[in-house]
Amino acid sequence: MSSRREILDLLRENARYTTEDIARLTDYSENEVAEIIDEFEEAGVIRGYGAVIDWNAVETDEERVRATVELNVTLDRETSYDDISHRIAKFPEVTSLRLVSGDYDFDLEVEGDSMREVSHFISDKIAPIPEITQTVTHYIMESYKEQGMEFDDHDDDDRLSVSP
């Protein structure tokens, strides 16, 4: 029998799979798949569905700038990581926020219409938070893989190399 986890894996692979598709790929009936997905949604296991977009492939004059920001924090007796995360996550510019191990505490991903907008957001909204002691911003220049999906332009040169 298939596991309920397999349904999650299939939805992560392709959120557009229908319950009929998932039933065909697992040992569940279509009704069972629908019930399991409903349970996952009600329990908050499935938080939403979205498309993986290669913004470099979108033909538009509008630029979209993304950055990863390392955040170091200092906690006091009254403030926890959760408290800080709730303050940061409320900003619409924030697309992801994770507590991580290693040299810094939070891994923050932000989006804006320009490098200036992203820089101002970090300096005006994030850096002034009292518990934040350091920010290091890395602008994303090119994405090669997002959410398990590899971006490939299919412009590979199929010619064989010839060496003298």
# chains A, B, ... in the order shown; residues from 1 in each chain; ligands from 1

$ select_by_dssp --residues "stretch 31-150 of chain A" --states "strand (DSSP E)" --output "MDAnalysis selection string"
chainID A and resid 65:73 94:99 106:112 132:139 145:146 149:150

$ write_last_selection --atoms "N, CA, C and O atoms" --output "short mmCIF file (atom, residue, chain, number, x, y, z; two decimals), in the first residue's frame"
data_model
loop_
_atom_site.label_atom_id
_atom_site.label_comp_id
_atom_site.auth_asym_id
_atom_site.auth_seq_id
_atom_site.Cartn_x
_atom_site.Cartn_y
_atom_site.Cartn_z
N VAL A 65 14.24 41.77 -8.28
CA VAL A 65 15.51 41.52 -7.61
C VAL A 65 15.24 40.66 -6.38
O VAL A 65 14.34 40.95 -5.58
N ARG A 66 16.04 39.61 -6.25
CA ARG A 66 15.93 38.73 -5.09
C ARG A 66 17.28 38.68 -4.38
O ARG A 66 18.32 38.77 -5.02
N ALA A 67 17.20 38.54 -3.07
CA ALA A 67 18.42 38.46 -2.28
C ALA A 67 18.23 37.50 -1.12
O ALA A 67 17.12 37.33 -0.62
N THR A 68 19.33 36.89 -0.73
CA THR A 68 19.38 36.09 0.49
C THR A 68 20.14 36.92 1.52
O THR A 68 21.19 37.49 1.20
N VAL A 69 19.62 36.99 2.72
CA VAL A 69 20.23 37.81 3.75
C VAL A 69 20.51 36.94 4.98
O VAL A 69 19.62 36.25 5.48
N GLU A 70 21.76 36.96 5.42
CA GLU A 70 22.15 36.29 6.65
C GLU A 70 21.87 37.25 7.80
O GLU A 70 22.28 38.41 7.74
N LEU A 71 21.19 36.76 8.82
CA LEU A 71 20.89 37.60 9.98
C LEU A 71 21.48 36.98 11.24
O LEU A 71 21.25 35.80 11.52
N ASN A 72 22.23 37.75 11.99
CA ASN A 72 22.68 37.36 13.31
C ASN A 72 21.85 38.11 14.34
O ASN A 72 21.54 39.29 14.15
N VAL A 73 21.48 37.42 15.40
CA VAL A 73 20.66 38.04 16.44
C VAL A 73 21.26 37.75 17.81
O VAL A 73 22.03 36.80 17.99
N VAL A 94 9.42 39.84 2.35
CA VAL A 94 10.02 38.59 2.82
C VAL A 94 9.32 37.41 2.16
O VAL A 94 8.11 37.24 2.30
N THR A 95 10.10 36.62 1.41
CA THR A 95 9.52 35.44 0.74
C THR A 95 9.81 34.15 1.49
O THR A 95 9.06 33.20 1.38
N SER A 96 10.90 34.11 2.25
CA SER A 96 11.25 32.94 3.06
C SER A 96 12.03 33.40 4.28
O SER A 96 12.80 34.36 4.21
N LEU A 97 11.84 32.67 5.36
CA LEU A 97 12.58 32.95 6.59
C LEU A 97 12.80 31.64 7.31
O LEU A 97 11.84 30.91 7.58
N ARG A 98 14.07 31.33 7.58
CA ARG A 98 14.40 30.07 8.23
C ARG A 98 15.40 30.31 9.35
O ARG A 98 16.34 31.07 9.19
N LEU A 99 15.21 29.59 10.47
CA LEU A 99 16.21 29.54 11.53
C LEU A 99 17.19 28.45 11.12
O LEU A 99 16.78 27.34 10.77
N PHE A 106 19.44 33.39 11.15
CA PHE A 106 18.31 33.33 10.23
C PHE A 106 18.78 33.45 8.79
O PHE A 106 19.70 34.22 8.49
N ASP A 107 18.12 32.70 7.92
CA ASP A 107 18.32 32.82 6.48
C ASP A 107 17.04 33.46 5.94
O ASP A 107 15.96 32.89 6.04
N LEU A 108 17.17 34.66 5.41
CA LEU A 108 16.04 35.46 4.96
C LEU A 108 16.12 35.63 3.46
O LEU A 108 17.19 35.91 2.92
N GLU A 109 15.01 35.43 2.76
CA GLU A 109 14.94 35.72 1.32
C GLU A 109 13.95 36.84 1.12
O GLU A 109 12.86 36.82 1.68
N VAL A 110 14.36 37.83 0.32
CA VAL A 110 13.52 38.99 0.06
C VAL A 110 13.46 39.26 -1.44
O VAL A 110 14.34 38.86 -2.19
N GLU A 111 12.40 39.97 -1.84
CA GLU A 111 12.23 40.39 -3.23
C GLU A 111 11.87 41.87 -3.27
O GLU A 111 11.20 42.37 -2.38
N GLY A 112 12.31 42.52 -4.34
CA GLY A 112 11.97 43.91 -4.56
C GLY A 112 12.07 44.25 -6.03
O GLY A 112 12.50 43.43 -6.84
N ILE A 132 18.70 42.25 16.15
CA ILE A 132 19.53 41.93 15.00
C ILE A 132 20.87 42.66 15.13
O ILE A 132 20.91 43.88 15.22
N THR A 133 21.95 41.87 15.13
CA THR A 133 23.28 42.44 15.33
C THR A 133 24.07 42.57 14.04
O THR A 133 25.03 43.33 13.98
N GLN A 134 23.69 41.80 13.01
CA GLN A 134 24.43 41.87 11.74
C GLN A 134 23.55 41.35 10.61
O GLN A 134 22.79 40.40 10.78
N THR A 135 23.69 42.00 9.45
CA THR A 135 23.06 41.51 8.23
C THR A 135 24.12 41.40 7.15
O THR A 135 25.01 42.24 7.07
N VAL A 136 24.03 40.35 6.35
CA VAL A 136 24.91 40.18 5.19
C VAL A 136 24.00 39.84 4.01
O VAL A 136 23.33 38.81 4.04
N THR A 137 23.96 40.70 3.01
CA THR A 137 23.05 40.54 1.88
C THR A 137 23.79 39.98 0.67
O THR A 137 24.85 40.47 0.30
N HIS A 138 23.19 38.95 0.08
CA HIS A 138 23.73 38.33 -1.13
C HIS A 138 22.65 38.45 -2.21
O HIS A 138 21.58 37.84 -2.08
N TYR A 139 22.92 39.21 -3.25
CA TYR A 139 21.95 39.35 -4.35
C TYR A 139 22.03 38.12 -5.24
O TYR A 139 23.13 37.66 -5.59
N LYS A 145 18.28 26.29 -10.11
CA LYS A 145 17.32 25.31 -9.63
C LYS A 145 16.53 25.94 -8.49
O LYS A 145 17.08 26.59 -7.63
N GLU A 146 15.22 25.78 -8.53
CA GLU A 146 14.34 26.31 -7.50
C GLU A 146 13.31 25.23 -7.15
O GLU A 146 12.71 24.64 -8.05
N MET A 149 13.18 22.12 -9.10
CA MET A 149 13.04 22.23 -10.55
C MET A 149 14.29 22.88 -11.12
O MET A 149 14.63 24.01 -10.76
N GLU A 150 14.97 22.17 -12.04
CA GLU A 150 16.17 22.71 -12.67
C GLU A 150 15.77 23.58 -13.85
O GLU A 150 14.89 23.23 -14.63
#

$ residues_around --residues "A:Val33" --least-positions-apart "6" --cutoff "12 Å" --atoms "only C-alpha atoms" --output "PDB file with N, CA, C and O atoms, in the first residue's frame"
ATOM      1  N   SER A   2       0.484   2.258  -0.696  1.00  0.00           N
ATOM      2  CA  SER A   2       1.212   3.517  -0.756  1.00  0.00           C
ATOM      3  C   SER A   2       1.101   4.242   0.581  1.00  0.00           C
ATOM      4  O   SER A   2       0.155   4.060   1.336  1.00  0.00           O
ATOM      5  N   SER A   3       2.073   5.103   0.835  1.00  0.00           N
ATOM      6  CA  SER A   3       2.023   5.904   2.055  1.00  0.00           C
ATOM      7  C   SER A   3       1.404   7.260   1.742  1.00  0.00           C
ATOM      8  O   SER A   3       1.421   7.722   0.599  1.00  0.00           O
ATOM      9  N   ARG A   4       0.884   7.870   2.783  1.00  0.00           N
ATOM     10  CA  ARG A   4       0.317   9.210   2.627  1.00  0.00           C
ATOM     11  C   ARG A   4       1.407  10.191   2.213  1.00  0.00           C
ATOM     12  O   ARG A   4       1.142  11.168   1.527  1.00  0.00           O
ATOM     13  N   ARG A   5       2.632   9.908   2.627  1.00  0.00           N
ATOM     14  CA  ARG A   5       3.781  10.751   2.255  1.00  0.00           C
ATOM     15  C   ARG A   5       3.957  10.781   0.735  1.00  0.00           C
ATOM     16  O   ARG A   5       4.370  11.785   0.172  1.00  0.00           O
ATOM     17  N   GLU A   6       3.655   9.669   0.077  1.00  0.00           N
ATOM     18  CA  GLU A   6       3.792   9.605  -1.378  1.00  0.00           C
ATOM     19  C   GLU A   6       2.891  10.639  -2.058  1.00  0.00           C
ATOM     20  O   GLU A   6       3.270  11.233  -3.071  1.00  0.00           O
ATOM     21  N   ILE A   7       1.726  10.887  -1.486  1.00  0.00           N
ATOM     22  CA  ILE A   7       0.822  11.897  -2.043  1.00  0.00           C
ATOM     23  C   ILE A   7       1.471  13.277  -1.932  1.00  0.00           C
ATOM     24  O   ILE A   7       1.429  14.070  -2.879  1.00  0.00           O
ATOM     25  N   LEU A   8       2.091  13.558  -0.797  1.00  0.00           N
ATOM     26  CA  LEU A   8       2.786  14.841  -0.630  1.00  0.00           C
ATOM     27  C   LEU A   8       3.935  14.971  -1.622  1.00  0.00           C
ATOM     28  O   LEU A   8       4.126  16.031  -2.223  1.00  0.00           O
ATOM     29  N   LEU A  10       4.195  13.579  -4.540  1.00  0.00           N
ATOM     30  CA  LEU A  10       3.648  13.792  -5.884  1.00  0.00           C
ATOM     31  C   LEU A  10       3.148  15.222  -6.061  1.00  0.00           C
ATOM     32  O   LEU A  10       3.369  15.839  -7.105  1.00  0.00           O
ATOM     33  N   LEU A  11       2.491  15.764  -5.045  1.00  0.00           N
ATOM     34  CA  LEU A  11       2.019  17.154  -5.134  1.00  0.00           C
ATOM     35  C   LEU A  11       3.186  18.134  -5.183  1.00  0.00           C
ATOM     36  O   LEU A  11       3.118  19.158  -5.863  1.00  0.00           O
ATOM     37  N   TYR A  17      -1.244  17.971 -10.449  1.00  0.00           N
ATOM     38  CA  TYR A  17      -1.794  16.615 -10.538  1.00  0.00           C
ATOM     39  C   TYR A  17      -3.215  16.621 -10.002  1.00  0.00           C
ATOM     40  O   TYR A  17      -3.504  17.204  -8.961  1.00  0.00           O
ATOM     41  N   THR A  18      -4.097  15.955 -10.706  1.00  0.00           N
ATOM     42  CA  THR A  18      -5.469  15.807 -10.234  1.00  0.00           C
ATOM     43  C   THR A  18      -5.536  14.625  -9.270  1.00  0.00           C
ATOM     44  O   THR A  18      -4.606  13.811  -9.199  1.00  0.00           O
ATOM     45  N   THR A  19      -6.657  14.518  -8.549  1.00  0.00           N
ATOM     46  CA  THR A  19      -6.818  13.367  -7.668  1.00  0.00           C
ATOM     47  C   THR A  19      -6.826  12.076  -8.486  1.00  0.00           C
ATOM     48  O   THR A  19      -6.337  11.046  -8.032  1.00  0.00           O
ATOM     49  N   GLU A  20      -7.322  12.159  -9.702  1.00  0.00           N
ATOM     50  CA  GLU A  20      -7.310  10.995 -10.596  1.00  0.00           C
ATOM     51  C   GLU A  20      -5.860  10.604 -10.944  1.00  0.00           C
ATOM     52  O   GLU A  20      -5.507   9.415 -10.918  1.00  0.00           O
ATOM     53  N   ASP A  21      -5.022  11.592 -11.249  1.00  0.00           N
ATOM     54  CA  ASP A  21      -3.610  11.325 -11.552  1.00  0.00           C
ATOM     55  C   ASP A  21      -2.922  10.660 -10.365  1.00  0.00           C
ATOM     56  O   ASP A  21      -2.202   9.670 -10.526  1.00  0.00           O
ATOM     57  N   ILE A  22      -3.140  11.219  -9.178  1.00  0.00           N
ATOM     58  CA  ILE A  22      -2.474  10.698  -7.981  1.00  0.00           C
ATOM     59  C   ILE A  22      -2.962   9.289  -7.662  1.00  0.00           C
ATOM     60  O   ILE A  22      -2.167   8.419  -7.304  1.00  0.00           O
ATOM     61  N   ALA A  23      -4.251   9.057  -7.839  1.00  0.00           N
ATOM     62  CA  ALA A  23      -4.793   7.707  -7.596  1.00  0.00           C
ATOM     63  C   ALA A  23      -4.151   6.697  -8.548  1.00  0.00           C
ATOM     64  O   ALA A  23      -3.821   5.576  -8.143  1.00  0.00           O
ATOM     65  N   ARG A  24      -3.956   7.095  -9.782  1.00  0.00           N
ATOM     66  CA  ARG A  24      -3.352   6.206 -10.775  1.00  0.00           C
ATOM     67  C   ARG A  24      -1.888   5.895 -10.415  1.00  0.00           C
ATOM     68  O   ARG A  24      -1.395   4.812 -10.677  1.00  0.00           O
ATOM     69  N   LEU A  25      -1.207   6.850  -9.775  1.00  0.00           N
ATOM     70  CA  LEU A  25       0.208   6.691  -9.426  1.00  0.00           C
ATOM     71  C   LEU A  25       0.426   6.038  -8.053  1.00  0.00           C
ATOM     72  O   LEU A  25       1.559   5.743  -7.685  1.00  0.00           O
ATOM     73  N   THR A  26      -0.641   5.863  -7.300  1.00  0.00           N
ATOM     74  CA  THR A  26      -0.553   5.255  -5.966  1.00  0.00           C
ATOM     75  C   THR A  26      -1.543   4.102  -5.861  1.00  0.00           C
ATOM     76  O   THR A  26      -2.241   3.773  -6.813  1.00  0.00           O
ATOM     77  N   ASP A  27      -1.615   3.524  -4.674  1.00  0.00           N
ATOM     78  CA  ASP A  27      -2.575   2.432  -4.429  1.00  0.00           C
ATOM     79  C   ASP A  27      -3.876   2.933  -3.830  1.00  0.00           C
ATOM     80  O   ASP A  27      -4.670   2.148  -3.331  1.00  0.00           O
ATOM     81  N   GLU A  39      -7.515  16.395   4.416  1.00  0.00           N
ATOM     82  CA  GLU A  39      -6.980  16.288   5.777  1.00  0.00           C
ATOM     83  C   GLU A  39      -5.664  17.061   5.899  1.00  0.00           C
ATOM     84  O   GLU A  39      -5.449  17.767   6.890  1.00  0.00           O
ATOM     85  N   PHE A  40      -4.796  16.922   4.901  1.00  0.00           N
ATOM     86  CA  PHE A  40      -3.517  17.651   4.917  1.00  0.00           C
ATOM     87  C   PHE A  40      -3.750  19.157   4.917  1.00  0.00           C
ATOM     88  O   PHE A  40      -3.065  19.901   5.626  1.00  0.00           O
TER      89      PHE A  40
END

$ select_by_dssp --residues "chain A" --states "helix (DSSP H, G or I)" --output "PyMOL selection string"
chain A and resi 4-13+19-25+30-43+55-57+81-89+115-126

$ closest_residue --among "A:Asp152, A:Thr79, A:Ile84, A:Val162" --to "A:Asp54" --atoms "only C-alpha atoms"
A:Asp152

$ closest_atom_pairs --of "stretch 27-104 of chain A" --to "stretch 12-15 of chain A" --cutoff "10 Å" --atoms "only C-alpha atoms" --output "Markdown table"
| residue | atom | partner | partner_atom | distance |
| --- | --- | --- | --- | --- |
| A:Ile46 | CA | A:Arg12 | CA | 9.8 |
| A:Gly48 | CA | A:Ala15 | CA | 9.5 |
| A:Tyr49 | CA | A:Ala15 | CA | 6.3 |
| A:Gly50 | CA | A:Ala15 | CA | 7.3 |
| A:Ala51 | CA | A:Ala15 | CA | 8.0 |
| A:Val52 | CA | A:Asn14 | CA | 9.9 |

$ write_last_selection --atoms "N, CA and C atoms" --output "short mmCIF file (atom, residue, chain, number, x, y, z; two decimals), in the first residue's frame"
data_model
loop_
_atom_site.label_atom_id
_atom_site.label_comp_id
_atom_site.auth_asym_id
_atom_site.auth_seq_id
_atom_site.Cartn_x
_atom_site.Cartn_y
_atom_site.Cartn_z
N ILE A 46 -0.37 20.98 4.21
CA ILE A 46 -0.29 21.66 2.91
C ILE A 46 -0.70 23.11 3.17
N GLY A 48 -0.28 25.66 0.85
CA GLY A 48 -0.67 26.35 -0.37
C GLY A 48 -0.06 25.66 -1.57
N TYR A 49 -0.41 26.16 -2.73
CA TYR A 49 0.08 25.61 -3.99
C TYR A 49 0.65 26.77 -4.80
N GLY A 50 1.74 26.52 -5.50
CA GLY A 50 2.33 27.61 -6.27
C GLY A 50 3.11 27.10 -7.46
N ALA A 51 3.41 28.01 -8.34
CA ALA A 51 4.19 27.69 -9.53
C ALA A 51 5.65 28.02 -9.29
N VAL A 52 6.53 27.25 -9.91
CA VAL A 52 7.96 27.54 -9.89
C VAL A 52 8.24 28.35 -11.14
#

$ atom_distance --atom1 "atom CA of A:Leu75" --atom2 "atom CA of A:Glu131"
6.3 Å

$ closest_residue --among "A:Arg64, A:Lys125, A:His120, A:Arg47" --to "A:Arg87" --atoms "only C-alpha atoms"
A:Lys125
